[in-house]
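Q: I'm passing along target.txt; it holds compact mmCIF, C-alpha atoms (C1' of nucleotides).
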# COMPACT_ATOMS: atom_id res chain seq x y z
CA MET A 1 35.10 65.56 -187.24
CA LYS A 2 38.81 65.90 -187.05
CA VAL A 3 40.27 69.11 -185.61
CA SER A 4 43.68 70.70 -185.90
CA ARG A 5 46.61 69.56 -183.78
CA GLU A 6 46.46 72.82 -181.95
CA GLN A 7 42.77 72.47 -181.35
CA MET A 8 43.28 68.97 -180.07
CA ALA A 9 45.92 70.14 -177.62
CA GLU A 10 43.59 72.85 -176.43
CA ASN A 11 40.81 70.30 -176.04
CA ARG A 12 43.06 68.10 -173.97
CA HIS A 13 43.94 71.04 -171.79
CA ARG A 14 40.27 71.90 -171.37
CA ILE A 15 39.50 68.33 -170.37
CA LEU A 16 42.21 68.39 -167.72
CA ASP A 17 41.05 71.75 -166.39
CA ALA A 18 37.43 70.65 -166.28
CA ALA A 19 38.36 67.38 -164.60
CA SER A 20 40.48 69.20 -162.10
CA ARG A 21 37.63 71.46 -161.04
CA LEU A 22 35.01 68.74 -161.05
CA PHE A 23 37.13 66.28 -159.09
CA ARG A 24 37.91 68.90 -156.46
CA GLU A 25 34.27 69.87 -156.24
CA LYS A 26 32.59 66.48 -156.22
CA GLY A 27 35.27 63.84 -155.73
CA PHE A 28 36.66 61.30 -158.16
CA ASP A 29 33.81 58.81 -157.91
CA ALA A 30 30.97 61.29 -158.24
CA VAL A 31 32.21 62.65 -161.55
CA SER A 32 31.54 60.66 -164.70
CA VAL A 33 33.68 60.68 -167.78
CA ALA A 34 30.75 62.04 -169.75
CA GLU A 35 30.37 64.89 -167.26
CA VAL A 36 33.99 65.88 -167.63
CA MET A 37 33.77 65.84 -171.40
CA LYS A 38 30.59 67.87 -171.36
CA ALA A 39 32.20 70.44 -169.08
CA ALA A 40 35.05 70.63 -171.58
CA GLY A 41 32.58 71.28 -174.37
CA LEU A 42 32.87 67.83 -175.97
CA THR A 43 30.97 64.55 -175.94
CA HIS A 44 31.93 61.37 -174.17
CA GLY A 45 33.00 59.52 -177.32
CA GLY A 46 36.30 61.27 -177.84
CA PHE A 47 37.51 60.61 -174.34
CA TYR A 48 39.47 57.47 -175.10
CA GLY A 49 41.35 59.27 -177.81
CA HIS A 50 42.96 61.36 -175.08
CA PHE A 51 43.16 58.98 -172.12
CA SER A 52 43.33 55.24 -171.78
CA SER A 53 40.88 55.10 -168.87
CA LYS A 54 39.27 57.16 -166.17
CA ASP A 55 42.13 56.17 -163.86
CA ASP A 56 44.53 57.56 -166.42
CA LEU A 57 42.56 60.80 -166.48
CA ILE A 58 42.76 60.99 -162.69
CA ALA A 59 46.52 60.48 -162.66
CA GLN A 60 47.13 62.99 -165.43
CA THR A 61 44.78 65.50 -163.88
CA LEU A 62 46.69 65.30 -160.62
CA ALA A 63 50.02 65.78 -162.33
CA HIS A 64 48.51 68.70 -164.25
CA VAL A 65 47.03 70.53 -161.30
CA LEU A 66 49.85 69.84 -158.87
CA ALA A 67 52.43 71.08 -161.33
CA ALA A 68 50.46 74.32 -161.61
CA ASP A 69 50.17 74.67 -157.84
CA SER A 70 51.35 78.12 -156.93
CA GLY A 71 52.52 77.87 -153.34
CA GLY A 72 52.27 81.55 -152.66
CA GLY A 73 55.26 83.21 -154.24
CA GLY A 74 57.22 83.83 -151.09
CA ASP A 75 55.17 85.59 -148.46
CA LEU A 76 54.33 82.65 -146.23
CA ARG A 77 52.21 84.68 -143.81
CA ALA A 78 49.97 85.90 -146.58
CA TYR A 79 49.72 82.43 -148.05
CA VAL A 80 48.68 80.94 -144.71
CA GLY A 81 46.11 83.67 -144.27
CA SER A 82 44.49 83.11 -147.61
CA TYR A 83 44.69 79.34 -147.26
CA LEU A 84 42.92 79.39 -143.92
CA SER A 85 40.19 81.74 -145.08
CA PRO A 86 36.45 81.10 -145.42
CA ARG A 87 36.87 82.04 -149.06
CA HIS A 88 39.24 79.17 -149.68
CA ARG A 89 37.15 76.79 -147.59
CA ASP A 90 34.13 77.62 -149.72
CA ASN A 91 35.98 77.33 -153.01
CA CYS A 92 36.64 73.63 -153.36
CA ALA A 93 36.55 73.60 -157.14
CA GLY A 94 39.19 76.30 -157.46
CA GLY A 95 41.03 75.64 -154.21
CA CYS A 96 44.03 73.64 -153.16
CA PRO A 97 43.99 70.18 -154.75
CA THR A 98 45.72 68.70 -151.75
CA ALA A 99 42.98 69.80 -149.38
CA GLY A 100 40.35 68.61 -151.81
CA LEU A 101 41.81 65.32 -152.99
CA ALA A 102 44.59 64.06 -150.73
CA ALA A 103 42.31 61.89 -148.65
CA ALA A 104 40.88 60.21 -151.73
CA ILE A 105 44.29 59.31 -153.15
CA ARG A 106 44.47 56.22 -150.97
CA HIS A 107 41.87 54.58 -153.20
CA GLN A 108 43.48 55.48 -156.50
CA THR A 109 46.06 53.87 -158.74
CA PRO A 110 49.81 53.92 -158.08
CA ALA A 111 50.27 56.52 -160.81
CA ALA A 112 47.87 58.87 -159.05
CA ARG A 113 49.51 58.26 -155.68
CA SER A 114 52.87 58.96 -157.20
CA ALA A 115 51.73 62.25 -158.68
CA MET A 116 50.33 63.33 -155.34
CA THR A 117 53.51 62.33 -153.53
CA GLU A 118 55.65 64.46 -155.79
CA GLY A 119 53.24 67.36 -155.44
CA LEU A 120 53.42 67.16 -151.67
CA ARG A 121 57.18 66.83 -151.68
CA SER A 122 57.62 70.01 -153.67
CA GLN A 123 54.97 71.85 -151.67
CA ILE A 124 56.80 71.04 -148.44
CA ASP A 125 60.07 72.19 -149.98
CA ARG A 126 58.44 75.39 -151.16
CA ILE A 127 57.11 76.20 -147.70
CA GLY A 128 60.51 75.42 -146.21
CA LYS A 129 62.15 77.85 -148.61
CA ALA A 130 59.75 80.53 -147.42
CA LEU A 131 61.24 80.19 -143.92
CA PRO A 132 64.81 81.24 -144.60
CA GLU A 133 65.37 82.63 -141.11
CA LEU A 134 65.36 79.16 -139.57
CA ASP A 135 68.10 76.58 -139.44
CA PRO A 136 67.44 73.58 -141.71
CA ALA A 137 66.03 71.22 -139.06
CA ASP A 138 63.59 73.77 -137.66
CA ARG A 139 62.67 74.82 -141.16
CA ARG A 140 61.75 71.31 -142.18
CA ARG A 141 59.75 70.75 -139.03
CA ALA A 142 57.91 74.06 -139.38
CA ALA A 143 57.16 73.43 -143.04
CA ILE A 144 55.71 69.98 -142.48
CA GLY A 145 53.88 70.84 -139.28
CA SER A 146 52.35 73.99 -140.72
CA TRP A 147 51.33 72.29 -143.93
CA ALA A 148 49.69 69.41 -142.08
CA ALA A 149 47.79 71.86 -139.89
CA MET A 150 46.69 73.94 -142.88
CA VAL A 151 45.46 70.97 -144.89
CA GLY A 152 43.81 69.41 -141.84
CA ALA A 153 42.08 72.64 -140.88
CA VAL A 154 40.58 73.18 -144.32
CA ILE A 155 39.39 69.58 -144.46
CA LEU A 156 37.82 69.87 -141.02
CA ALA A 157 36.32 73.27 -141.74
CA ARG A 158 34.73 71.86 -144.87
CA ALA A 159 33.36 68.88 -142.99
CA ILE A 160 31.75 70.94 -140.26
CA ASP A 161 28.15 71.93 -140.59
CA ASP A 162 28.12 74.76 -138.08
CA PRO A 163 29.47 77.98 -139.62
CA ALA A 164 30.66 79.35 -136.29
CA LEU A 165 32.69 76.27 -135.46
CA SER A 166 33.97 76.02 -139.00
CA ASP A 167 35.18 79.62 -138.93
CA GLU A 168 36.72 79.05 -135.54
CA VAL A 169 38.72 76.08 -136.79
CA LEU A 170 40.18 78.27 -139.53
CA GLU A 171 40.90 81.20 -137.25
CA GLN A 172 42.41 79.24 -134.41
CA THR A 173 44.54 77.16 -136.72
CA HIS A 174 45.72 80.35 -138.36
CA ALA A 175 46.73 81.77 -134.98
CA TRP A 176 48.34 78.47 -134.00
CA VAL A 177 50.40 78.23 -137.17
CA ASP A 178 51.47 81.86 -136.97
CA ALA A 179 52.49 81.42 -133.36
CA GLY A 180 54.34 78.23 -134.16
CA ILE A 181 56.34 79.86 -136.90
CA SER A 182 57.12 82.90 -134.78
CA GLN A 183 58.11 80.93 -131.73
CA VAL A 184 60.36 78.65 -133.70
CA SER A 185 61.90 81.75 -135.23
CA ALA A 186 62.52 83.20 -131.80
CA SER A 187 64.11 80.05 -130.41
CA MET B 1 13.53 33.43 -140.46
CA LYS B 2 12.74 35.71 -137.61
CA VAL B 3 15.29 36.11 -134.81
CA SER B 4 14.93 37.27 -131.23
CA ARG B 5 14.83 40.94 -130.37
CA GLU B 6 18.20 40.58 -128.72
CA GLN B 7 19.62 38.85 -131.76
CA MET B 8 18.28 41.61 -133.95
CA ALA B 9 19.91 44.27 -131.83
CA GLU B 10 23.17 42.38 -132.02
CA ASN B 11 22.82 42.09 -135.78
CA ARG B 12 22.28 45.80 -136.05
CA HIS B 13 25.35 46.41 -133.97
CA ARG B 14 27.36 44.06 -136.15
CA ILE B 15 26.18 45.87 -139.26
CA LEU B 16 27.28 49.21 -137.85
CA ASP B 17 30.65 47.85 -136.80
CA ALA B 18 31.24 46.22 -140.15
CA ALA B 19 30.17 49.36 -141.97
CA SER B 20 32.41 51.46 -139.79
CA ARG B 21 35.47 49.38 -140.61
CA LEU B 22 34.68 49.04 -144.30
CA PHE B 23 33.93 52.72 -144.78
CA ARG B 24 37.16 53.72 -143.08
CA GLU B 25 39.10 51.21 -145.13
CA LYS B 26 37.63 51.74 -148.58
CA GLY B 27 35.51 54.90 -148.46
CA PHE B 28 31.75 55.32 -148.59
CA ASP B 29 31.36 54.88 -152.33
CA ALA B 30 33.55 51.83 -152.70
CA VAL B 31 31.54 49.80 -150.19
CA SER B 32 28.27 48.24 -151.28
CA VAL B 33 25.33 47.53 -149.04
CA ALA B 34 25.68 43.84 -149.86
CA GLU B 35 29.33 43.92 -148.83
CA VAL B 36 28.49 45.44 -145.46
CA MET B 37 25.80 42.86 -144.82
CA LYS B 38 28.08 40.03 -145.80
CA ALA B 39 30.78 41.32 -143.46
CA ALA B 40 28.15 41.34 -140.73
CA GLY B 41 27.28 37.72 -141.50
CA LEU B 42 23.95 38.44 -143.20
CA THR B 43 22.61 38.82 -146.71
CA HIS B 44 21.65 42.01 -148.45
CA GLY B 45 17.90 41.43 -148.21
CA GLY B 46 17.53 42.31 -144.57
CA PHE B 47 19.28 45.61 -144.90
CA TYR B 48 16.20 47.74 -145.38
CA GLY B 49 14.70 46.32 -142.24
CA HIS B 50 17.41 48.13 -140.31
CA PHE B 51 18.07 51.23 -142.37
CA SER B 52 16.02 53.26 -144.76
CA SER B 53 18.85 53.72 -147.26
CA LYS B 54 22.59 53.57 -147.67
CA ASP B 55 22.73 57.24 -146.74
CA ASP B 56 20.92 56.41 -143.54
CA LEU B 57 23.47 53.70 -142.82
CA ILE B 58 26.28 56.20 -143.37
CA ALA B 59 24.76 58.73 -141.00
CA GLN B 60 24.05 56.15 -138.30
CA THR B 61 27.47 54.58 -138.69
CA LEU B 62 29.09 57.97 -138.16
CA ALA B 63 27.05 58.64 -135.06
CA HIS B 64 27.90 55.16 -133.81
CA VAL B 65 31.63 55.34 -134.33
CA LEU B 66 32.06 58.95 -133.26
CA ALA B 67 30.18 58.34 -130.04
CA ALA B 68 32.59 55.51 -129.28
CA ASP B 69 35.63 57.62 -130.09
CA SER B 70 38.02 57.34 -127.20
CA GLY B 71 40.07 60.52 -127.31
CA GLY B 72 42.87 59.11 -125.21
CA GLY B 73 41.80 59.15 -121.58
CA GLY B 74 43.80 62.15 -120.47
CA ASP B 75 47.45 61.79 -121.40
CA LEU B 76 47.56 64.05 -124.43
CA ARG B 77 51.23 63.44 -125.19
CA ALA B 78 50.69 59.71 -125.40
CA TYR B 79 47.61 60.19 -127.53
CA VAL B 80 49.46 62.41 -129.97
CA GLY B 81 52.26 59.89 -130.17
CA SER B 82 50.03 56.98 -130.98
CA TYR B 83 47.93 59.06 -133.36
CA LEU B 84 50.97 60.14 -135.36
CA SER B 85 52.45 56.65 -135.53
CA PRO B 86 53.04 54.46 -138.61
CA ARG B 87 50.83 51.91 -136.89
CA HIS B 88 47.87 54.26 -136.91
CA ARG B 89 48.62 55.44 -140.43
CA ASP B 90 48.57 51.85 -141.63
CA ASN B 91 45.40 50.95 -139.74
CA CYS B 92 42.68 52.81 -141.59
CA ALA B 93 39.96 50.30 -140.85
CA GLY B 94 40.50 50.46 -137.10
CA GLY B 95 41.84 53.99 -136.90
CA CYS B 96 40.42 57.42 -136.26
CA PRO B 97 37.19 57.93 -138.20
CA THR B 98 37.91 61.62 -138.57
CA ALA B 99 41.19 60.99 -140.35
CA GLY B 100 39.56 58.35 -142.50
CA LEU B 101 36.25 59.96 -143.33
CA ALA B 102 36.20 63.70 -142.64
CA ALA B 103 37.17 64.67 -146.16
CA ALA B 104 34.38 62.54 -147.63
CA ILE B 105 31.70 64.10 -145.44
CA ARG B 106 31.34 67.03 -147.81
CA HIS B 107 29.59 64.77 -150.26
CA GLN B 108 27.20 63.19 -147.78
CA THR B 109 23.75 64.02 -146.49
CA PRO B 110 23.05 66.70 -143.89
CA ALA B 111 22.48 64.00 -141.26
CA ALA B 112 25.96 62.63 -141.85
CA ARG B 113 27.50 66.09 -141.77
CA SER B 114 25.73 66.84 -138.54
CA ALA B 115 27.02 63.66 -136.91
CA MET B 116 30.55 64.50 -137.94
CA THR B 117 30.21 68.07 -136.69
CA GLU B 118 29.18 66.91 -133.24
CA GLY B 119 31.96 64.36 -133.17
CA LEU B 120 34.51 67.02 -134.01
CA ARG B 121 33.07 69.45 -131.49
CA SER B 122 33.42 66.96 -128.64
CA GLN B 123 36.85 65.82 -129.80
CA ILE B 124 38.11 69.41 -129.71
CA ASP B 125 36.62 69.84 -126.26
CA ARG B 126 38.25 66.63 -125.09
CA ILE B 127 41.68 67.72 -126.28
CA GLY B 128 41.17 71.11 -124.66
CA LYS B 129 40.37 69.44 -121.34
CA ALA B 130 43.64 67.53 -121.59
CA LEU B 131 45.48 70.86 -121.51
CA PRO B 132 44.42 72.13 -118.08
CA GLU B 133 47.63 74.08 -117.55
CA LEU B 134 46.65 76.67 -120.15
CA ASP B 135 44.30 79.58 -119.86
CA PRO B 136 41.06 79.08 -121.81
CA ALA B 137 42.00 81.03 -124.94
CA ASP B 138 45.36 79.29 -125.36
CA ARG B 139 43.76 75.98 -124.59
CA ARG B 140 41.21 76.36 -127.33
CA ARG B 141 43.81 77.45 -129.83
CA ALA B 142 46.16 74.61 -128.92
CA ALA B 143 43.36 72.06 -129.08
CA ILE B 144 42.16 73.12 -132.50
CA GLY B 145 45.60 73.70 -133.97
CA SER B 146 46.95 70.40 -132.70
CA TRP B 147 43.92 68.47 -133.84
CA ALA B 148 44.04 70.00 -137.32
CA ALA B 149 47.74 69.15 -137.59
CA MET B 150 47.19 65.58 -136.38
CA VAL B 151 44.34 64.88 -138.77
CA GLY B 152 46.13 66.59 -141.64
CA ALA B 153 49.36 64.70 -141.01
CA VAL B 154 47.68 61.29 -140.99
CA ILE B 155 45.79 62.13 -144.18
CA LEU B 156 48.97 63.30 -145.89
CA ALA B 157 51.00 60.35 -144.60
CA ARG B 158 48.39 57.99 -145.99
CA ALA B 159 48.40 59.76 -149.34
CA ILE B 160 52.17 59.63 -149.76
CA ASP B 161 53.69 56.75 -151.66
CA ASP B 162 57.23 57.09 -150.39
CA PRO B 163 57.62 55.44 -146.96
CA ALA B 164 60.47 57.70 -145.94
CA LEU B 165 58.55 60.89 -146.66
CA SER B 166 55.41 59.46 -145.11
CA ASP B 167 57.25 58.59 -141.90
CA GLU B 168 58.86 62.00 -141.90
CA VAL B 169 55.50 63.75 -142.10
CA LEU B 170 54.37 61.86 -139.01
CA GLU B 171 57.57 62.44 -137.07
CA GLN B 172 57.95 66.10 -137.89
CA THR B 173 54.32 66.84 -137.19
CA HIS B 174 54.68 65.02 -133.89
CA ALA B 175 57.65 67.19 -132.97
CA TRP B 176 55.85 70.31 -134.16
CA VAL B 177 52.73 69.60 -132.13
CA ASP B 178 54.72 68.71 -129.03
CA ALA B 179 56.74 71.88 -129.37
CA GLY B 180 53.64 73.95 -129.95
CA ILE B 181 51.96 72.63 -126.83
CA SER B 182 55.08 73.10 -124.74
CA GLN B 183 55.77 76.60 -125.96
CA VAL B 184 52.22 77.69 -125.39
CA SER B 185 52.46 76.21 -121.92
CA ALA B 186 55.62 78.17 -121.25
CA SER B 187 54.23 81.48 -122.46
C1' DG C 1 42.38 69.10 -205.26
C1' DG C 2 42.01 64.38 -203.72
C1' DC C 3 43.38 60.67 -200.35
C1' DT C 4 44.21 59.03 -195.95
C1' DA C 5 44.25 59.10 -191.24
C1' DA C 6 42.82 61.18 -187.16
C1' DA C 7 39.60 63.47 -183.85
C1' DT C 8 34.86 63.63 -182.31
C1' DA C 9 30.11 62.39 -182.36
C1' DT C 10 26.47 59.04 -181.87
C1' DG C 11 25.00 54.96 -180.45
C1' DA C 12 25.62 50.28 -178.20
C1' DT C 13 27.00 46.91 -174.37
C1' DG C 14 27.75 44.93 -169.99
C1' DG C 15 28.32 44.95 -165.26
C1' DC C 16 27.56 46.68 -160.82
C1' DG C 17 24.85 48.22 -157.13
C1' DA C 18 20.80 50.43 -154.65
C1' DT C 19 16.38 49.28 -153.90
C1' DC C 20 12.16 46.52 -154.07
C1' DA C 21 9.13 42.00 -154.15
C1' DT C 22 8.25 37.90 -152.37
C1' DG C 23 9.06 33.71 -149.73
C1' DT C 24 10.06 31.44 -145.17
C1' DA C 25 10.54 30.34 -140.70
C1' DA C 26 10.82 31.36 -136.07
C1' DA C 27 9.68 34.45 -132.07
C1' DT C 28 6.03 36.56 -129.52
C1' DG C 29 1.42 37.28 -127.49
C1' DT C 30 -2.78 35.15 -126.17
C1' DA D 1 -0.49 25.37 -128.90
C1' DC D 2 -1.82 28.80 -132.53
C1' DA D 3 -1.99 32.77 -135.03
C1' DT D 4 0.45 36.49 -136.37
C1' DT D 5 3.86 39.25 -136.96
C1' DT D 6 8.54 40.00 -138.17
C1' DA D 7 13.48 39.46 -139.39
C1' DC D 8 15.89 37.72 -142.74
C1' DA D 9 16.87 35.15 -147.36
C1' DT D 10 16.41 34.83 -152.33
C1' DG D 11 15.62 36.69 -156.38
C1' DA D 12 14.12 40.57 -159.48
C1' DT D 13 14.41 45.47 -161.42
C1' DC D 14 16.25 49.67 -162.89
C1' DG D 15 19.41 53.13 -163.78
C1' DC D 16 24.01 54.69 -164.15
C1' DC D 17 28.50 54.57 -165.99
C1' DA D 18 32.95 52.94 -167.99
C1' DT D 19 34.16 51.29 -172.09
C1' DC D 20 33.69 49.89 -176.94
C1' DA D 21 31.87 50.14 -182.12
C1' DT D 22 30.83 52.62 -185.77
C1' DA D 23 29.96 56.82 -188.44
C1' DT D 24 31.38 61.43 -189.90
C1' DT D 25 33.99 65.14 -190.98
C1' DT D 26 38.02 67.52 -191.78
C1' DA D 27 43.17 68.34 -191.18
C1' DG D 28 47.46 67.04 -193.18
C1' DC D 29 50.11 65.33 -196.83
C1' DC D 30 51.13 64.46 -201.88
How does the structure come out when it is put into structure tokens?
A:
Amino acid sequence: MKVSREQMAENRHRILDAASRLFREKGFDAVSVAEVMKAAGLTHGGFYGHFSSKDDLIAQTLAHVLAADSGGGGDLRAYVGSYLSPRHRDNCAGGCPTAGLAAAIRHQTPAARSAMTEGLRSQIDRIGKALPELDPADRRRAAIGSWAAMVGAVILARAIDDPALSDEVLEQTHAWVDAGISQVSAS
Amino acid sequence: MKVSREQMAENRHRILDAASRLFREKGFDAVSVAEVMKAAGLTHGGFYGHFSSKDDLIAQTLAHVLAADSGGGGDLRAYVGSYLSPRHRDNCAGGCPTAGLAAAIRHQTPAARSAMTEGLRSQIDRIGKALPELDPADRRRAAIGSWAAMVGAVILARAIDDPALSDEVLEQTHAWVDAGISQVSAS
DNA sequence: GGCTAAATATGATGGCGATCATGTAAATGT
DNA sequence: ACATTTACATGATCGCCATCATATTTAGCC
């Protein structure tokens, strides 16, 4: 049954949102096309009316979710705190797509890699802009170093089976990043 | 055809080594049991004489490779430098199993998660021991923060499609980690 | 209002891969 | 030496999933 243009656009959006959550939660390979469509409230048949392949869905989902990536508005300290929280660690499906998917990008198509690259580029720029008190070289270094530590810490915290150690990785990385930013500021 | 006990042990070792390289290179899902056996110079039939399932292979491979993880001997600066090098970024198959596999552990069995947790615990301890000039609290913080940044930077560098940005992530994280360690030391 | 094309649904198809079944030959114990 | 066990090879099986074929219904246009 055909639906209105508007309905179709909404369906497409729902598919991308569902895919985004499912991919972050379970990984690209563990999510089937049918599962995505079902989560979007449709059946698997209509999929190829929206996307040319699963790889195409992956690439478009990345572009979709990375474009929507907030970045934290401006208060870097608050953003770091929420990023390195148990709440974020435990919320893969709704959490940062970089932390959830960056490591899997290596095995995806060039289009997907390209989308991730642009997402990371703008995320680094955004963090840099949140450090206006530094000179440009220090700002760039702090932005990249902090972002690497944040992403790495969440990935490690999610990999670790022991809640105490997992919490500690988040807390200590938080302290380390805060100290790094402050000390660079003071230099 | 039966082989000697010794030969069997060697075969098992070869399977684990082959699996370790293949998993790091292509990810757990993208590597088939038959592919691992072929890389070890065997056929797929004998697999279940060594392991009870692919999941079992994954868990035992992790324990195998994480136990062998060097950690760098003692010169932390040199270790950080080689870790955050283009050479290491481009050498997934032979590189750090944490950088290559940590993000995928979330989707594996409890045995695999447990192996990774113990590997991370000892790696953090090893880095901490390479910072003897710090008091215990700073040492722990520097070890965890540096390790998170190192792992995160290699994962991001491998995800990024643009060589210049990828190199920059490695270089800037290197400078950031070095500065962090030095400034903590000086405090 | 009827015609056409489009958007989804339902229902194949085909390949891949984990696991199992069976054969075979050589190592090990007596 | 012989019997037996065992490590591995060859050859199914079975289910899952990406993708395609076809049907159905309705939006969009005259």
Q: Using all atoms listed in the file, what does the table of chain C residues within 10 Å of chain A look like, with each row giving the shortest atom pair and its distance in Å to one decimal, sorted by chain and ascending number, as CSV?
A:
residue,atom,partner,partner_atom,distance
C:DA5,C1',A:Lys2,CA,9.7
C:DA6,C1',A:Lys2,CA,6.2
C:DA7,C1',A:Lys2,CA,4.1
C:DT8,C1',A:Gly46,CA,5.3
C:DA9,C1',A:Gly45,CA,6.5
C:DT10,C1',A:Gly45,CA,8.0
C:DG11,C1',A:Gly45,CA,9.7
Q: If you take every atom of segment 13-24 of chain B that the file lists and fit an axis-aligned box around them with 3 Å extra on each side, what centre and edge lengths come out in Å to one decimal, as JSON?
A:
{"center_x": 31.3, "center_y": 48.9, "center_z": -139.4, "size_x": 17.8, "size_y": 15.7, "size_z": 16.8}
Q: For a quick check of your reading of the model, name the residues lying within 9 Å of the coordinate (45.2, 67.7, -133.5), counting only C-alpha atoms (C1' of nucleotides), and write them as a VMD selection string.
A: (chain A and resid 149 152) or (chain B and resid 80 124 127 142 to 152 177)
Q: Let's have the selection written as a PDB file, in the coordinates of the input, with C-alpha atoms.
A:
ATOM      1  CA  ALA A 149      47.790  71.860-139.890  1.00  0.00           C
ATOM      2  CA  GLY A 152      43.810  69.410-141.840  1.00  0.00           C
TER       3      GLY A 152
ATOM      4  CA  VAL B  80      49.460  62.410-129.970  1.00  0.00           C
ATOM      5  CA  ILE B 124      38.110  69.410-129.710  1.00  0.00           C
ATOM      6  CA  ILE B 127      41.680  67.720-126.280  1.00  0.00           C
ATOM      7  CA  ALA B 142      46.160  74.610-128.920  1.00  0.00           C
ATOM      8  CA  ALA B 143      43.360  72.060-129.080  1.00  0.00           C
ATOM      9  CA  ILE B 144      42.160  73.120-132.500  1.00  0.00           C
ATOM     10  CA  GLY B 145      45.600  73.700-133.970  1.00  0.00           C
ATOM     11  CA  SER B 146      46.950  70.400-132.700  1.00  0.00           C
ATOM     12  CA  TRP B 147      43.920  68.470-133.840  1.00  0.00           C
ATOM     13  CA  ALA B 148      44.040  70.000-137.320  1.00  0.00           C
ATOM     14  CA  ALA B 149      47.740  69.150-137.590  1.00  0.00           C
ATOM     15  CA  MET B 150      47.190  65.580-136.380  1.00  0.00           C
ATOM     16  CA  VAL B 151      44.340  64.880-138.770  1.00  0.00           C
ATOM     17  CA  GLY B 152      46.130  66.590-141.640  1.00  0.00           C
ATOM     18  CA  VAL B 177      52.730  69.600-132.130  1.00  0.00           C
TER      19      VAL B 177
END
Q: May I ask which of the residues C:DG1, C:DT30, C:DT24, C:DG15 is the closest one to DA9 of chain D, counting all atoms listed in the file?
A: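 Closest residue, counting all atoms listed in the file: C:DT24.
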Q: Of the residues B:Ala59, B:Leu165, B:Val33, B:Ala9, which is the one nearest to chain D, using all atoms listed in the file?
A: B:Ala9
Q: Could you tell me which residues of chain A sit within 7 Å of chain B when counting all atoms listed in the file, and give me the result as a ChimeraX atom specification?
A: /A:26,102-103,105-107,113-114,116-117,141-142,144-145,148-149,151-153,155-156,158-161,169,172-173,176,180
Q: If you keep C-alpha atoms, can you produce a file of those selected residues as a tab-separated table (two decimals), in the frame of the given file?
A:
chain	number	residue	atom	x	y	z
A	26	LYS	CA	32.59	66.48	-156.22
A	102	ALA	CA	44.59	64.06	-150.73
A	103	ALA	CA	42.31	61.89	-148.65
A	105	ILE	CA	44.29	59.31	-153.15
A	106	ARG	CA	44.47	56.22	-150.97
A	107	HIS	CA	41.87	54.58	-153.20
A	113	ARG	CA	49.51	58.26	-155.68
A	114	SER	CA	52.87	58.96	-157.20
A	116	MET	CA	50.33	63.33	-155.34
A	117	THR	CA	53.51	62.33	-153.53
A	141	ARG	CA	59.75	70.75	-139.03
A	142	ALA	CA	57.91	74.06	-139.38
A	144	ILE	CA	55.71	69.98	-142.48
A	145	GLY	CA	53.88	70.84	-139.28
A	148	ALA	CA	49.69	69.41	-142.08
A	149	ALA	CA	47.79	71.86	-139.89
A	151	VAL	CA	45.46	70.97	-144.89
A	152	GLY	CA	43.81	69.41	-141.84
A	153	ALA	CA	42.08	72.64	-140.88
A	155	ILE	CA	39.39	69.58	-144.46
A	156	LEU	CA	37.82	69.87	-141.02
A	158	ARG	CA	34.73	71.86	-144.87
A	159	ALA	CA	33.36	68.88	-142.99
A	160	ILE	CA	31.75	70.94	-140.26
A	161	ASP	CA	28.15	71.93	-140.59
A	169	VAL	CA	38.72	76.08	-136.79
A	172	GLN	CA	42.41	79.24	-134.41
A	173	THR	CA	44.54	77.16	-136.72
A	176	TRP	CA	48.34	78.47	-134.00
A	180	GLY	CA	54.34	78.23	-134.16
Q: At what distance in Å, to one decimal, does atom CA of Arg139 of chain B lie from atom CA of Ser82 of chain A?
A: 24.1 Å
Q: Using Å and a single decimal, report how far atom CA of Ile58 of chain A sits from atom CA of Val31 of chain A.
A: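 Atom CA of Ile58 of chain A lies 10.7 Å from atom CA of Val31 of chain A.
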Q: Please identify all polymer residues within 12 Å of DT5 of chain D, counting all atoms listed in the file, omitting same-chain residues fewer than 6 positions from it, and present them as an MDAnalysis selection string.
A: (chainID B and resid 1:2) or (chainID C and resid 25:29)
Q: Got a sec to pull out which chain D residues are within 7 Å of chain A, counting only C-alpha atoms (C1' of nucleotides), and send them as a compact mmCIF listing (two decimals) with C-alpha atoms (C1' of nucleotides), in the coordinates of the input?
A:
# COMPACT_ATOMS: atom_id res chain seq x y z
C1' DC D 17 28.50 54.57 -165.99
C1' DT D 24 31.38 61.43 -189.90
C1' DT D 25 33.99 65.14 -190.98
C1' DT D 26 38.02 67.52 -191.78
C1' DA D 27 43.17 68.34 -191.18
Q: Could you jot down the atom CA of His13 of chain A to atom CA of Phe51 of chain A separation for me, Å, one decimal place?
A: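 Interatomic distance here is 12.1 Å.
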Q: Using all atoms listed in the file, which protein or nucleic acid residues come within 10 Å of DT22 of chain C? Drop anything in the same chain fewer than 2 positions from it, and give the result as a list in words.
A: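 Those residues are DC20 and DT24 of chain C; DT10, DG11 and DA12 of chain D.
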Q: Give me the residues within 12 Å of DC29 of chain D as JSON, numbers by chain, counting only C-alpha atoms (C1' of nucleotides) and dropping any in the same chain fewer than 4 places off.
A: {"C": [2, 3, 4, 5]}
Q: Skipping near chain neighbours, those fewer than 3 positions away, what residues fall within 12 Å of DG14 of chain C using only C-alpha atoms (C1' of nucleotides), listed as a compact mmCIF listing (two decimals) with C-alpha atoms (C1' of nucleotides), in the frame of the given file?
A:
# COMPACT_ATOMS: atom_id res chain seq x y z
C1' DC D 16 24.01 54.69 -164.15
C1' DC D 17 28.50 54.57 -165.99
C1' DA D 18 32.95 52.94 -167.99
C1' DT D 19 34.16 51.29 -172.09
C1' DC D 20 33.69 49.89 -176.94
